[in-house]
file model.cif (mmCIF, C-alpha atoms (C1' of nucleotides))
data_structure
#
loop_
_atom_site.group_PDB
_atom_site.id
_atom_site.type_symbol
_atom_site.label_atom_id
_atom_site.label_comp_id
_atom_site.auth_asym_id
_atom_site.auth_seq_id
_atom_site.Cartn_x
_atom_site.Cartn_y
_atom_site.Cartn_z
ATOM 1 C CA MET A 260 143.172 -2.341 98.295
ATOM 2 C CA PRO A 261 145.788 0.261 99.081
ATOM 3 C CA LYS A 262 146.223 0.919 102.753
ATOM 4 C CA GLN A 263 145.590 4.601 102.122
ATOM 5 C CA LEU A 264 141.972 3.920 101.193
ATOM 6 C CA THR A 265 141.475 1.737 104.240
ATOM 7 C CA GLU A 266 142.466 4.614 106.475
ATOM 8 C CA MET A 267 140.449 7.153 104.513
ATOM 9 C CA LEU A 268 137.362 4.982 104.810
ATOM 10 C CA LYS A 269 137.466 5.362 108.567
ATOM 11 C CA GLY A 270 134.648 7.713 109.314
ATOM 12 C CA THR A 271 133.450 8.024 105.732
ATOM 13 C CA LEU A 272 132.255 4.470 105.253
ATOM 14 C CA GLU A 273 129.707 5.083 107.974
ATOM 15 C CA GLY A 274 128.450 8.130 106.103
ATOM 16 C CA VAL A 275 128.307 6.165 102.881
ATOM 17 C CA VAL A 276 126.125 3.491 104.405
ATOM 18 C CA LEU A 277 123.865 6.053 106.035
ATOM 19 C CA ALA A 278 123.545 7.858 102.705
ATOM 20 C CA VAL A 279 122.532 4.612 101.032
ATOM 21 C CA LEU A 280 119.950 3.982 103.724
ATOM 22 C CA ALA A 281 118.642 7.513 103.253
ATOM 23 C CA GLY A 282 117.773 6.561 99.697
ATOM 24 C CA ARG A 283 116.091 3.280 100.491
ATOM 25 C CA ALA A 284 115.900 0.634 103.181
ATOM 26 C CA ALA A 285 118.433 -2.143 102.719
ATOM 27 C CA TYR A 286 120.061 -5.101 104.427
ATOM 28 C CA GLY A 287 123.714 -5.862 104.977
ATOM 29 C CA TYR A 288 124.397 -8.339 102.235
ATOM 30 C CA GLU A 289 122.646 -6.078 99.751
ATOM 31 C CA ILE A 290 124.709 -3.062 100.776
ATOM 32 C CA THR A 291 127.938 -5.028 100.549
ATOM 33 C CA THR A 292 127.310 -6.182 96.982
ATOM 34 C CA TRP A 293 126.109 -2.727 95.968
ATOM 35 C CA LEU A 294 129.298 -1.161 97.318
ATOM 36 C CA ARG A 295 131.365 -3.621 95.323
ATOM 37 C CA GLU A 296 129.496 -2.618 92.182
ATOM 38 C CA GLN A 297 130.222 1.010 92.946
ATOM 39 C CA GLY A 298 133.949 0.411 92.809
ATOM 40 C CA PHE A 299 134.632 -0.269 96.465
ATOM 41 C CA ALA A 300 136.047 -3.505 95.200
ATOM 42 C CA ASP A 301 136.853 -5.368 98.342
ATOM 43 C CA ILE A 302 135.218 -3.932 101.362
ATOM 44 C CA ALA A 303 135.007 -6.784 103.830
ATOM 45 C CA GLU A 304 131.555 -8.134 104.537
ATOM 46 C CA GLY A 305 132.289 -8.253 108.229
ATOM 47 C CA THR A 306 133.058 -4.553 108.199
ATOM 48 C CA ILE A 307 129.568 -3.718 106.976
ATOM 49 C CA TYR A 308 127.834 -5.953 109.482
ATOM 50 C CA ALA A 309 129.836 -4.484 112.336
ATOM 51 C CA LEU A 310 129.087 -0.972 111.094
ATOM 52 C CA LEU A 311 125.370 -1.707 110.868
ATOM 53 C CA LEU A 312 125.332 -3.038 114.404
ATOM 54 C CA ARG A 313 127.102 0.125 115.543
ATOM 55 C CA ILE A 314 124.668 2.551 113.965
ATOM 56 C CA GLU A 315 121.786 0.419 115.181
ATOM 57 C CA GLN A 316 122.990 0.619 118.771
ATOM 58 C CA ARG A 317 123.380 4.369 118.389
ATOM 59 C CA GLY A 318 119.765 4.586 117.357
ATOM 60 C CA LEU A 319 120.420 6.027 113.915
ATOM 61 C CA VAL A 320 118.446 3.347 112.082
ATOM 62 C CA ASP A 321 115.317 1.274 112.499
ATOM 63 C CA VAL A 322 115.477 -2.466 111.929
ATOM 64 C CA GLU A 323 112.965 -4.921 110.621
ATOM 65 C CA LYS A 324 113.526 -8.639 110.204
ATOM 66 C CA ARG A 325 112.162 -10.083 107.016
ATOM 67 C CA PRO A 326 112.302 -13.692 105.751
ATOM 68 C CA SER A 327 114.303 -14.315 102.599
ATOM 69 C CA GLU A 328 113.384 -16.775 99.845
ATOM 70 C CA LYS A 329 116.907 -18.047 99.618
ATOM 71 C CA GLY A 330 118.701 -17.870 102.915
ATOM 72 C CA PRO A 331 118.449 -16.777 106.523
ATOM 73 C CA PRO A 332 116.151 -13.872 107.406
ATOM 74 C CA ARG A 333 117.308 -10.401 106.424
ATOM 75 C CA LYS A 334 117.778 -7.480 108.751
ATOM 76 C CA VAL A 335 116.400 -4.554 106.812
ATOM 77 C CA TYR A 336 117.701 -1.187 108.014
ATOM 78 C CA SER A 337 116.128 2.182 107.376
ATOM 79 C CA LEU A 338 117.285 5.644 108.390
ATOM 80 C CA ASN A 339 115.229 7.290 111.120
ATOM 81 C CA ALA A 340 114.989 10.962 112.121
ATOM 82 C CA GLN A 341 118.038 10.883 114.340
ATOM 83 C CA GLY A 342 120.007 9.148 111.628
ATOM 84 C CA GLY A 343 118.929 11.852 109.208
ATOM 85 C CA GLU A 344 120.340 14.558 111.435
ATOM 86 C CA TYR A 345 123.530 12.614 111.866
ATOM 87 C CA LEU A 346 123.802 12.233 108.103
ATOM 88 C CA ASP A 347 123.350 15.972 107.594
ATOM 89 C CA GLU A 348 126.134 16.569 110.068
ATOM 90 C CA PHE A 349 128.237 14.057 108.187
ATOM 91 C CA TRP A 350 127.791 15.905 104.912
ATOM 92 C CA ARG A 351 128.695 19.200 106.546
ATOM 93 C CA THR A 352 131.873 17.712 107.972
ATOM 94 C CA TRP A 353 132.667 16.096 104.640
ATOM 95 C CA ALA A 354 132.172 19.415 102.845
ATOM 96 C CA PHE A 355 134.516 21.075 105.288
ATOM 97 C CA LEU A 356 137.214 18.491 104.645
ATOM 98 C CA THR A 357 136.888 18.484 100.868
ATOM 99 C CA GLU A 358 137.076 22.287 100.762
ATOM 100 C CA ARG A 359 140.324 22.281 102.686
ATOM 101 C CA LEU A 360 141.787 19.461 100.645
ATOM 102 C CA GLU A 361 140.727 20.977 97.337
ATOM 103 C CA ARG A 362 142.372 24.226 98.315
ATOM 104 C CA LEU A 363 145.532 22.339 99.205
ATOM 105 C CA ARG A 364 145.602 20.444 95.948
ATOM 106 C CA SER A 365 144.940 23.391 93.673
ATOM 107 C CA GLY A 366 147.333 25.577 95.617
ATOM 108 C CA GLN A 367 150.044 23.022 95.037
ATOM 109 C CA GLU A 368 150.229 23.216 91.266
ATOM 110 C CA SER A 369 150.574 26.985 91.078
ATOM 111 C CA GLU A 370 153.254 27.670 93.622
ATOM 112 C CA HIS A 371 153.169 31.327 94.667
ATOM 113 C CA ALA A 372 151.472 33.953 96.793
ATOM 114 C CA GLN A 373 152.229 32.201 100.013
ATOM 115 C CA GLN A 374 155.202 34.215 101.205
ATOM 116 C CA GLN A 375 152.962 37.151 102.064
ATOM 117 C CA GLU A 376 152.117 35.755 105.477
ATOM 118 C CA SER A 377 148.725 34.903 106.828
ATOM 119 C CA GLN A 378 147.125 38.325 106.643
ATOM 120 C CA GLY A 379 144.259 39.193 104.383
ATOM 121 C CA ARG A 380 143.322 35.581 104.053
ATOM 122 C CA GLN A 381 139.621 35.017 104.441
ATOM 123 C CA GLN A 382 139.373 32.980 107.605
ATOM 124 C CA GLU A 383 136.453 30.621 107.355
ATOM 125 C CA GLU A 384 134.916 29.151 110.426
ATOM 126 C CA GLY A 385 136.740 26.173 111.819
ATOM 127 C CA ILE A 386 135.096 23.058 113.201
ATOM 128 C CA MET B 144 135.667 19.141 117.271
ATOM 129 C CA PRO B 145 132.948 16.748 116.141
ATOM 130 C CA LYS B 146 133.947 13.139 116.412
ATOM 131 C CA GLN B 147 133.051 12.646 112.765
ATOM 132 C CA LEU B 148 135.938 14.854 111.676
ATOM 133 C CA THR B 149 138.347 13.002 113.926
ATOM 134 C CA GLU B 150 137.529 9.772 112.173
ATOM 135 C CA MET B 151 137.584 11.319 108.721
ATOM 136 C CA LEU B 152 141.016 12.752 109.391
ATOM 137 C CA LYS B 153 142.401 9.268 109.725
ATOM 138 C CA GLY B 154 144.349 8.752 106.566
ATOM 139 C CA THR B 155 143.737 12.222 105.165
ATOM 140 C CA LEU B 156 145.703 14.176 107.737
ATOM 141 C CA GLU B 157 148.807 12.389 106.582
ATOM 142 C CA GLY B 158 148.100 13.467 103.016
ATOM 143 C CA VAL B 159 147.486 17.017 104.155
ATOM 144 C CA VAL B 160 150.851 17.208 105.857
ATOM 145 C CA LEU B 161 152.632 15.661 102.901
ATOM 146 C CA ALA B 162 150.911 18.143 100.608
ATOM 147 C CA VAL B 163 152.105 21.003 102.782
ATOM 148 C CA LEU B 164 155.635 19.644 102.700
ATOM 149 C CA ALA B 165 155.408 19.343 98.932
ATOM 150 C CA GLY B 166 154.944 23.106 98.812
ATOM 151 C CA ARG B 167 157.777 23.988 101.164
ATOM 152 C CA ALA B 168 159.930 22.507 103.872
ATOM 153 C CA ALA B 169 158.497 23.020 107.340
ATOM 154 C CA TYR B 170 158.790 21.904 110.940
ATOM 155 C CA GLY B 171 156.189 20.476 113.274
ATOM 156 C CA TYR B 172 155.257 23.496 115.300
ATOM 157 C CA GLU B 173 154.950 25.554 112.132
ATOM 158 C CA ILE B 174 152.662 23.010 110.497
ATOM 159 C CA THR B 175 150.470 22.798 113.579
ATOM 160 C CA THR B 176 149.863 26.543 113.731
ATOM 161 C CA TRP B 177 149.311 26.725 110.005
ATOM 162 C CA LEU B 178 146.691 24.004 110.173
ATOM 163 C CA ARG B 179 144.895 25.894 112.914
ATOM 164 C CA GLU B 180 144.818 28.978 110.712
ATOM 165 C CA GLN B 181 143.364 26.895 107.899
ATOM 166 C CA GLY B 182 140.340 26.011 109.973
ATOM 167 C CA PHE B 183 141.535 22.760 111.485
ATOM 168 C CA ALA B 184 140.821 24.473 114.758
ATOM 169 C CA ASP B 185 142.085 22.006 117.264
ATOM 170 C CA ILE B 186 144.291 19.377 115.793
ATOM 171 C CA ALA B 187 146.434 18.152 118.647
ATOM 172 C CA GLU B 188 150.096 19.049 118.524
ATOM 173 C CA GLY B 189 151.038 15.550 119.555
ATOM 174 C CA THR B 190 149.196 14.178 116.564
ATOM 175 C CA ILE B 191 151.363 16.128 114.152
ATOM 176 C CA TYR B 192 154.610 15.150 115.828
ATOM 177 C CA ALA B 193 153.638 11.501 115.843
ATOM 178 C CA LEU B 194 152.627 11.736 112.197
ATOM 179 C CA LEU B 195 155.920 13.376 111.248
ATOM 180 C CA LEU B 196 157.880 10.659 113.003
ATOM 181 C CA ARG B 197 155.851 8.069 111.134
ATOM 182 C CA ILE B 198 156.444 9.491 107.685
ATOM 183 C CA GLU B 199 160.091 10.019 108.575
ATOM 184 C CA GLN B 200 160.514 6.366 109.488
ATOM 185 C CA ARG B 201 158.805 5.357 106.261
ATOM 186 C CA GLY B 202 161.368 7.364 104.352
ATOM 187 C CA LEU B 203 158.894 9.766 102.788
ATOM 188 C CA VAL B 204 160.664 12.894 104.019
ATOM 189 C CA ASP B 205 164.162 14.209 104.601
ATOM 190 C CA VAL B 206 164.992 15.855 107.893
ATOM 191 C CA GLU B 207 167.377 18.635 108.790
ATOM 192 C CA LYS B 208 167.936 20.007 112.258
ATOM 193 C CA ARG B 209 168.207 23.776 112.430
ATOM 194 C CA PRO B 210 168.732 25.978 115.495
ATOM 195 C CA SER B 211 165.926 28.354 116.402
ATOM 196 C CA GLU B 212 166.358 31.883 117.757
ATOM 197 C CA LYS B 213 163.725 31.362 120.369
ATOM 198 C CA GLY B 214 163.504 27.767 121.490
ATOM 199 C CA PRO B 215 164.851 24.282 120.981
ATOM 200 C CA PRO B 216 166.217 23.345 117.547
ATOM 201 C CA ARG B 217 163.687 22.736 114.816
ATOM 202 C CA LYS B 218 163.330 19.566 112.815
ATOM 203 C CA VAL B 219 162.712 20.790 109.300
ATOM 204 C CA TYR B 220 161.030 18.218 107.068
ATOM 205 C CA SER B 221 160.996 18.206 103.287
ATOM 206 C CA LEU B 222 159.322 15.817 100.881
ATOM 207 C CA ASN B 223 161.681 13.514 98.985
ATOM 208 C CA ALA B 224 161.108 11.498 95.813
ATOM 209 C CA GLN B 225 159.506 8.569 97.548
ATOM 210 C CA GLY B 226 157.252 10.930 99.462
ATOM 211 C CA GLY B 227 156.275 12.561 96.198
ATOM 212 C CA GLU B 228 155.143 9.253 94.775
ATOM 213 C CA TYR B 229 153.259 8.476 97.928
ATOM 214 C CA LEU B 230 151.561 11.865 97.751
ATOM 215 C CA ASP B 231 150.517 11.251 94.139
ATOM 216 C CA GLU B 232 149.021 7.961 95.211
ATOM 217 C CA PHE B 233 147.245 9.771 98.015
ATOM 218 C CA TRP B 234 145.642 12.232 95.623
ATOM 219 C CA ARG B 235 144.491 9.421 93.363
ATOM 220 C CA THR B 236 142.896 7.607 96.272
ATOM 221 C CA TRP B 237 141.346 10.842 97.476
ATOM 222 C CA ALA B 238 139.921 11.531 94.023
ATOM 223 C CA PHE B 239 138.439 8.044 93.962
ATOM 224 C CA LEU B 240 136.721 8.592 97.287
ATOM 225 C CA THR B 241 135.406 12.060 96.509
ATOM 226 C CA GLU B 242 133.969 10.873 93.205
ATOM 227 C CA ARG B 243 132.027 8.091 94.909
ATOM 228 C CA LEU B 244 130.849 10.363 97.681
ATOM 229 C CA GLU B 245 129.862 13.142 95.323
ATOM 230 C CA ARG B 246 127.846 10.688 93.300
ATOM 231 C CA LEU B 247 126.140 9.498 96.461
ATOM 232 C CA ARG B 248 125.309 12.983 97.622
ATOM 233 C CA SER B 249 123.967 14.254 94.333
ATOM 234 C CA GLY B 250 122.091 11.028 93.717
ATOM 235 C CA GLN B 251 120.326 11.454 97.001
ATOM 236 C CA GLU B 252 118.475 14.659 96.217
ATOM 237 C CA SER B 253 117.017 13.412 92.938
ATOM 238 C CA GLU B 254 115.623 10.056 93.878
ATOM 239 C CA HIS B 255 115.040 7.967 90.774
ATOM 240 C CA ALA B 256 116.650 5.846 88.063
ATOM 241 C CA GLN B 257 117.970 3.273 90.472
ATOM 242 C CA GLN B 258 115.318 0.608 90.173
ATOM 243 C CA GLN B 259 116.608 -0.377 86.743
ATOM 244 C CA GLU B 260 119.202 -2.684 88.211
ATOM 245 C CA SER B 261 122.920 -2.486 87.795
ATOM 246 C CA GLN B 262 123.122 -2.941 84.061
ATOM 247 C CA GLY B 263 124.293 -0.307 81.672
ATOM 248 C CA ARG B 264 126.048 1.519 84.430
ATOM 249 C CA GLN B 265 129.556 2.531 83.494
ATOM 250 C CA GLN B 266 131.687 0.442 85.774
ATOM 251 C CA GLU B 267 134.803 2.376 86.641
ATOM 252 C CA GLU B 268 137.844 0.586 87.865
ATOM 253 C CA GLY B 269 137.787 -0.176 91.544
ATOM 254 C CA ILE B 270 140.722 0.154 93.859
ATOM 255 C "C1'" DA C 144 166.679 34.904 141.331
ATOM 256 C "C1'" DG C 145 162.269 33.232 140.341
ATOM 257 C "C1'" DC C 146 158.349 32.870 137.429
ATOM 258 C "C1'" DC C 147 155.628 32.746 133.354
ATOM 259 C "C1'" DG C 148 154.523 32.432 128.548
ATOM 260 C "C1'" DG C 149 155.852 31.269 123.992
ATOM 261 C "C1'" DT C 150 158.489 28.176 121.187
ATOM 262 C "C1'" DA C 151 159.625 23.341 119.934
ATOM 263 C "C1'" DC C 152 159.605 18.458 120.432
ATOM 264 C "C1'" DC C 153 158.220 13.937 122.357
ATOM 265 C "C1'" DT C 154 155.552 9.958 124.579
ATOM 266 C "C1'" DA C 155 152.291 6.501 126.985
ATOM 267 C "C1'" DG C 156 147.809 5.123 127.068
ATOM 268 C "C1'" DC C 157 143.163 5.271 125.113
ATOM 269 C "C1'" DG C 158 139.054 4.937 121.940
ATOM 270 C "C1'" DT C 159 137.456 4.186 117.380
ATOM 271 C "C1'" DT C 160 137.623 2.135 113.099
ATOM 272 C "C1'" DA C 161 138.352 -1.269 109.178
ATOM 273 C "C1'" DC C 162 140.407 -5.754 108.164
ATOM 274 C "C1'" DT C 163 141.311 -10.789 108.710
ATOM 275 C "C1'" DA C 164 139.642 -15.040 109.509
ATOM 276 C "C1'" DT C 165 136.306 -17.852 110.879
ATOM 277 C "C1'" DC C 166 131.829 -19.434 112.245
ATOM 278 C "C1'" DT C 167 126.710 -20.343 111.951
ATOM 279 C "C1'" DA C 168 122.501 -20.914 109.268
ATOM 280 C "C1'" DC C 169 119.205 -21.558 105.293
ATOM 281 C "C1'" DC C 170 118.259 -23.140 100.730
ATOM 282 C "C1'" DA C 171 118.792 -25.000 95.766
ATOM 283 C "C1'" DG C 172 121.033 -27.736 92.492
ATOM 284 C "C1'" DT C 173 124.019 -31.646 91.379
ATOM 285 C "C1'" DA D 213 126.108 -35.824 100.551
ATOM 286 C "C1'" DC D 214 128.220 -31.861 98.788
ATOM 287 C "C1'" DT D 215 128.868 -27.364 96.833
ATOM 288 C "C1'" DG D 216 127.740 -22.632 96.230
ATOM 289 C "C1'" DG D 217 125.073 -18.603 96.984
ATOM 290 C "C1'" DT D 218 122.627 -16.001 100.448
ATOM 291 C "C1'" DA D 219 122.670 -13.802 105.098
ATOM 292 C "C1'" DG D 220 124.449 -12.579 109.519
ATOM 293 C "C1'" DA D 221 127.900 -12.431 113.336
ATOM 294 C "C1'" DT D 222 132.378 -12.217 116.036
ATOM 295 C "C1'" DA D 223 137.269 -12.362 118.166
ATOM 296 C "C1'" DG D 224 141.569 -10.574 117.401
ATOM 297 C "C1'" DT D 225 144.727 -7.247 115.063
ATOM 298 C "C1'" DA D 226 146.644 -2.939 113.071
ATOM 299 C "C1'" DA D 227 146.486 1.853 112.318
ATOM 300 C "C1'" DC D 228 145.360 6.309 113.493
ATOM 301 C "C1'" DG D 229 144.122 10.593 116.015
ATOM 302 C "C1'" DC D 230 143.363 12.333 120.739
ATOM 303 C "C1'" DT D 231 144.342 13.100 125.731
ATOM 304 C "C1'" DA D 232 147.373 14.457 128.863
ATOM 305 C "C1'" DG D 233 151.069 14.973 130.201
ATOM 306 C "C1'" DG D 234 156.439 15.732 130.011
ATOM 307 C "C1'" DT D 235 161.236 18.024 128.603
ATOM 308 C "C1'" DA D 236 163.920 21.896 126.934
ATOM 309 C "C1'" DC D 237 165.264 26.712 125.428
ATOM 310 C "C1'" DC D 238 164.644 31.592 125.688
ATOM 311 C "C1'" DG D 239 163.010 36.436 126.904
ATOM 312 C "C1'" DG D 240 160.567 39.552 129.756
ATOM 313 C "C1'" DC D 241 158.587 40.689 134.087
ATOM 314 C "C1'" DT D 242 158.572 41.278 139.023
#

call {"tool": "encode", "arguments": {"input": "model.cif", "output": "structure tokens"}}
result
Amino acid sequence: MPKQLTEMLKGTLEGVVLAVLAGRAAYGYEITTWLREQGFADIAEGTIYALLLRIEQRGLVDVEKRPSEKGPPRKVYSLNAQGGEYLDEFWRTWAFLTERLERLRSGQESEHAQQQESQGRQQEEGI
Amino acid sequence: MPKQLTEMLKGTLEGVVLAVLAGRAAYGYEITTWLREQGFADIAEGTIYALLLRIEQRGLVDVEKRPSEKGPPRKVYSLNAQGGEYLDEFWRTWAFLTERLERLRSGQESEHAQQQESQGRQQEEGI
DNA sequence: AGCCGGTACCTAGCGTTACTATCTACCAGT
DNA sequence: ACTGGTAGATAGTAACGCTAGGTACCGGCT
């Protein structure tokens, strides 16, 4: 995994997991394998477990322990109300970032119109 | 600034600065104020200077010292070939992440079609 | 002269995050 | 008895952005 992705995942991986849990309740091992299927080839298992403990201690998820047919009991996480709000906030922040980045990327190919100073530019709200 | 953005910036801020430098040579103070105008309301000055030192030591940028009319001399950074490659890699990684996130977000509103296991799903290359 | 604000750069210490590596535990098949 | 898959946890490390300062140069004001 390129180091760039590792750094980019900081902050977003949490949102990813919360988004998964918004869709359906799940346990750590399940989430890890699902992420691998989604192309996040080698996200460390330990990372997910640590993340789940974090969001549990912050009260963003509810936990239920369920026995497994083939292994130790599972800790099934589900998003609660507070986690839902936090996830909404995450998506807003993510949208903010992607807008800025998209503008940067598209503004890079066509190089012009930037010597006329910073006037007349629509100034969106900052965060 | 929400803490979420702080974490998300890890990894991406570097790409942002490199992208700016790909457009035109610039110095730290200039980049900081420009970022503020772009909506990154309160990115710490120190963060930018530390970041510039980092990418300088990695050989991604060339540096030229130029006197300023109203202050200490400026350190003007410009992207070099190696930095260009690194920036390309950054955009690829960014595209990878945004694709996965976009899929997650849009898949959340319409909740269905995910109980039919992970077969027949086009498996894109992971990173 | 003294002071302040703007310009311009730098640094030490801190908190948060993901990764590495390793450990425990349960069960099925060989 | 051993291996492999399932399931969870943790100590230590590296990287990054932030906080909170500091230095230095210059012009205008009192």

call {"tool": "resolve_selection", "arguments": {"input": "model.cif", "expression": "the PyMOL selection byres ((chain B and resi 218) around 8)", "output": "ChimeraX atom specification"}}
result
/B:170-171,206-209,216-217,219-220

call {"tool": "closest_residue", "arguments": {"input": "model.cif", "among": "A:Glu289, A:Leu356, A:Ala281, A:Leu311", "to": "Asn339 (chain A)", "atoms": "all atoms listed in the file"}}
result
A:Ala281

call {"tool": "calpha_fit_and_write", "arguments": {"input": "model.cif", "fixed": "chain B", "moving": "chain A", "output": "compact mmCIF listing (two decimals) with C-alpha atoms, in the coordinates of the input"}}
result
# COMPACT_ATOMS: atom_id res chain seq x y z
CA MET A 260 135.72 19.01 117.21
CA PRO A 261 133.01 16.62 116.14
CA LYS A 262 133.99 13.00 116.36
CA GLN A 263 133.08 12.57 112.71
CA LEU A 264 135.97 14.79 111.63
CA THR A 265 138.38 12.95 113.88
CA GLU A 266 137.57 9.71 112.12
CA MET A 267 137.63 11.28 108.67
CA LEU A 268 141.07 12.72 109.35
CA LYS A 269 142.45 9.22 109.70
CA GLY A 270 144.40 8.71 106.55
CA THR A 271 143.80 12.18 105.15
CA LEU A 272 145.74 14.15 107.73
CA GLU A 273 148.86 12.35 106.57
CA GLY A 274 148.15 13.43 103.01
CA VAL A 275 147.53 16.98 104.15
CA VAL A 276 150.89 17.20 105.87
CA LEU A 277 152.67 15.65 102.91
CA ALA A 278 150.95 18.13 100.60
CA VAL A 279 152.14 21.00 102.77
CA LEU A 280 155.67 19.64 102.70
CA ALA A 281 155.44 19.34 98.93
CA GLY A 282 154.97 23.09 98.80
CA ARG A 283 157.79 23.99 101.15
CA ALA A 284 159.94 22.52 103.88
CA ALA A 285 158.49 23.01 107.34
CA TYR A 286 158.78 21.93 110.96
CA GLY A 287 156.16 20.50 113.27
CA TYR A 288 155.21 23.52 115.30
CA GLU A 289 154.92 25.56 112.12
CA ILE A 290 152.64 23.01 110.48
CA THR A 291 150.44 22.80 113.56
CA THR A 292 149.83 26.55 113.71
CA TRP A 293 149.30 26.72 109.95
CA LEU A 294 146.68 23.98 110.14
CA ARG A 295 144.87 25.88 112.86
CA GLU A 296 144.79 28.96 110.64
CA GLN A 297 143.34 26.87 107.85
CA GLY A 298 140.32 25.98 109.93
CA PHE A 299 141.51 22.72 111.45
CA ALA A 300 140.81 24.44 114.71
CA ASP A 301 142.06 21.99 117.25
CA ILE A 302 144.27 19.37 115.79
CA ALA A 303 146.41 18.17 118.67
CA GLU A 304 150.07 19.09 118.53
CA GLY A 305 151.05 15.61 119.58
CA THR A 306 149.20 14.19 116.60
CA ILE A 307 151.37 16.14 114.18
CA TYR A 308 154.62 15.20 115.86
CA ALA A 309 153.67 11.53 115.89
CA LEU A 310 152.65 11.74 112.23
CA LEU A 311 155.94 13.38 111.28
CA LEU A 312 157.90 10.68 113.05
CA ARG A 313 155.87 8.07 111.18
CA ILE A 314 156.48 9.48 107.72
CA GLU A 315 160.12 10.02 108.61
CA GLN A 316 160.56 6.37 109.55
CA ARG A 317 158.87 5.37 106.31
CA GLY A 318 161.42 7.39 104.42
CA LEU A 319 158.94 9.77 102.82
CA VAL A 320 160.70 12.91 104.06
CA ASP A 321 164.19 14.22 104.66
CA VAL A 322 165.01 15.89 107.96
CA GLU A 323 167.36 18.66 108.86
CA LYS A 324 167.90 20.05 112.33
CA ARG A 325 168.16 23.80 112.50
CA PRO A 326 168.66 26.05 115.55
CA SER A 327 165.83 28.40 116.41
CA GLU A 328 166.22 31.95 117.74
CA LYS A 329 163.55 31.42 120.33
CA GLY A 330 163.38 27.85 121.49
CA PRO A 331 164.77 24.37 121.03
CA PRO A 332 166.17 23.39 117.62
CA ARG A 333 163.66 22.76 114.85
CA LYS A 334 163.31 19.59 112.85
CA VAL A 335 162.72 20.81 109.33
CA TYR A 336 161.05 18.23 107.09
CA SER A 337 161.03 18.22 103.32
CA LEU A 338 159.37 15.82 100.90
CA ASN A 339 161.75 13.52 99.03
CA ALA A 340 161.20 11.52 95.83
CA GLN A 341 159.59 8.59 97.57
CA GLY A 342 157.32 10.92 99.48
CA GLY A 343 156.34 12.55 96.20
CA GLU A 344 155.23 9.23 94.77
CA TYR A 345 153.33 8.45 97.92
CA LEU A 346 151.62 11.83 97.73
CA ASP A 347 150.59 11.22 94.13
CA GLU A 348 149.10 7.92 95.20
CA PHE A 349 147.32 9.73 98.00
CA TRP A 350 145.71 12.19 95.61
CA ARG A 351 144.59 9.37 93.33
CA THR A 352 142.98 7.56 96.24
CA TRP A 353 141.41 10.79 97.45
CA ALA A 354 140.00 11.47 93.98
CA PHE A 355 138.53 8.00 93.91
CA LEU A 356 136.79 8.54 97.24
CA THR A 357 135.47 12.00 96.46
CA GLU A 358 134.05 10.80 93.14
CA ARG A 359 132.12 8.04 94.84
CA LEU A 360 130.91 10.30 97.62
CA GLU A 361 129.92 13.09 95.26
CA ARG A 362 127.90 10.64 93.23
CA LEU A 363 126.21 9.43 96.40
CA ARG A 364 125.37 12.92 97.56
CA SER A 365 124.02 14.20 94.26
CA GLY A 366 122.12 10.99 93.66
CA GLN A 367 120.40 11.46 96.98
CA GLU A 368 118.58 14.69 96.24
CA SER A 369 117.00 13.52 93.00
CA GLU A 370 115.59 10.17 93.96
CA HIS A 371 114.94 8.08 90.85
CA ALA A 372 116.43 5.89 88.15
CA GLN A 373 117.72 3.35 90.58
CA GLN A 374 115.07 0.68 90.25
CA GLN A 375 116.39 -0.31 86.84
CA GLU A 376 119.00 -2.62 88.31
CA SER A 377 122.72 -2.45 87.86
CA GLN A 378 122.90 -2.88 84.11
CA GLY A 379 124.09 -0.22 81.74
CA ARG A 380 125.90 1.55 84.50
CA GLN A 381 129.38 2.58 83.51
CA GLN A 382 131.59 0.51 85.76
CA GLU A 383 134.71 2.44 86.58
CA GLU A 384 137.78 0.69 87.77
CA GLY A 385 137.78 -0.18 91.43
CA ILE A 386 140.76 0.14 93.74

call {"tool": "residues_around", "arguments": {"input": "model.cif", "residues": "region 155-163 of chain C", "least_positions_apart": "4", "cutoff": "12 Å", "atoms": "all atoms listed in the file", "output": "JSON, numbers by chain"}}
result
{"A": [260, 262, 263, 264, 265, 266, 267, 268, 269, 270, 271, 272, 273, 301, 302, 303, 304, 305, 306, 307, 308, 309, 310, 313], "B": [146, 147, 149, 150, 151, 152, 153, 154, 189], "D": [222, 223, 224, 225, 226, 227, 228, 229, 230, 231, 232, 233, 234]}

call {"tool": "resolve_selection", "arguments": {"input": "model.cif", "expression": "the PyMOL selection byres ((chain C and resi 146) around 10)", "output": "PyMOL selection string"}}
result
(chain C and resi 144-145+147-148) or (chain D and resi 241-242)

call {"tool": "atom_distance", "arguments": {"input": "model.cif", "atom1": "CA of Tyr345 (chain A)", "atom2": "CA of Arg295 (chain A)"}}
result
24.5 Å

call {"tool": "interface_residues", "arguments": {"input": "model.cif", "of": "chain A", "to": "chain C", "cutoff": "6 Å", "atoms": "only C-alpha atoms (C1' of nucleotides)", "output": "PyMOL selection string"}}
result
chain A and resi 269+329-331

call {"tool": "closest_residue", "arguments": {"input": "model.cif", "among": "A:Leu312, A:Leu277, A:Ala300, A:Leu363", "to": "chain D", "atoms": "all atoms listed in the file"}}
result
A:Leu312

call {"tool": "atom_distance", "arguments": {"input": "model.cif", "atom1": "CA of Val279 (chain A)", "atom2": "CA of Gln341 (chain A)"}}
result
15.4 Å

call {"tool": "atom_distance", "arguments": {"input": "model.cif", "atom1": "CA of Gly298 (chain A)", "atom2": "CA of Ser337 (chain A)"}}
result
23.1 Å
